[in-house]
Amino acid sequence: MTRPLGPWPGLHFATPMLASIALGTVACGWALRRIAHRPGGNQQRHDRSWAITAAWGLLVSSQLLLVLAMIGRVLSRTTCAGMLGNVTALVIYPLGLVTLFSLGWCLFTIVMPRAVGDE
């Protein structure tokens, strides 16, 4: 018995991913709004906003990297992908590299210590 093998991970995986991105977007928007209305120096607000934006980018790029890995796995295992499979591979693999770079940059931005002057 064979089963259909498609490049899309399916609703079983997509629903939790979309829910986490939606909740993360709302949480990051709420945090950015609180930072914008909080008293403090511009540099301090800028650093905090930068970290929250990087955290959102980490959330989105990690989810996108998982989806691209699933699609890439399916494309590499099928021999009859045809022209559409080749075009998809030409888009998916470079997008995976960009997403991997974005994931690393967001992680570095969150972890990197900021130089804070005495006030």
# chains A, B, ... in the order shown; residues from 1 in each chain; ligands from 1
$ residues_around --residues "range 88-105 of chain A" --least-positions-apart "4" --cutoff "8 Å" --atoms "only C-alpha atoms" --output "ChimeraX atom specification"
/A:57-58,61-62,64-65,68-69,71-72,75,84,109
$ atom_distance --atom1 "CA of Leu32 in chain A" --atom2 "CA of Cys106 in chain A"
16.5 Å
$ closest_residue --among "A:Val67, A:Trp30, A:Met83, A:Arg73" --to "Leu11 in chain A" --atoms "only C-alpha atoms"
A:Val67
$ residues_around --residues "Thr25 in chain A" --least-positions-apart "4" --cutoff "12 Å" --atoms "only C-alpha atoms" --output "count of residues only"
17
$ select_by_dssp --residues "chain A" --states "helix (DSSP H, G or I)" --output "MDAnalysis selection string"
chainID A and resid 11:37 42:77 82:111
$ closest_residue --among "A:Ala51, A:Val74, A:Asn86, A:Leu66" --to "Ile110 in chain A" --atoms "only C-alpha atoms"
A:Ala51
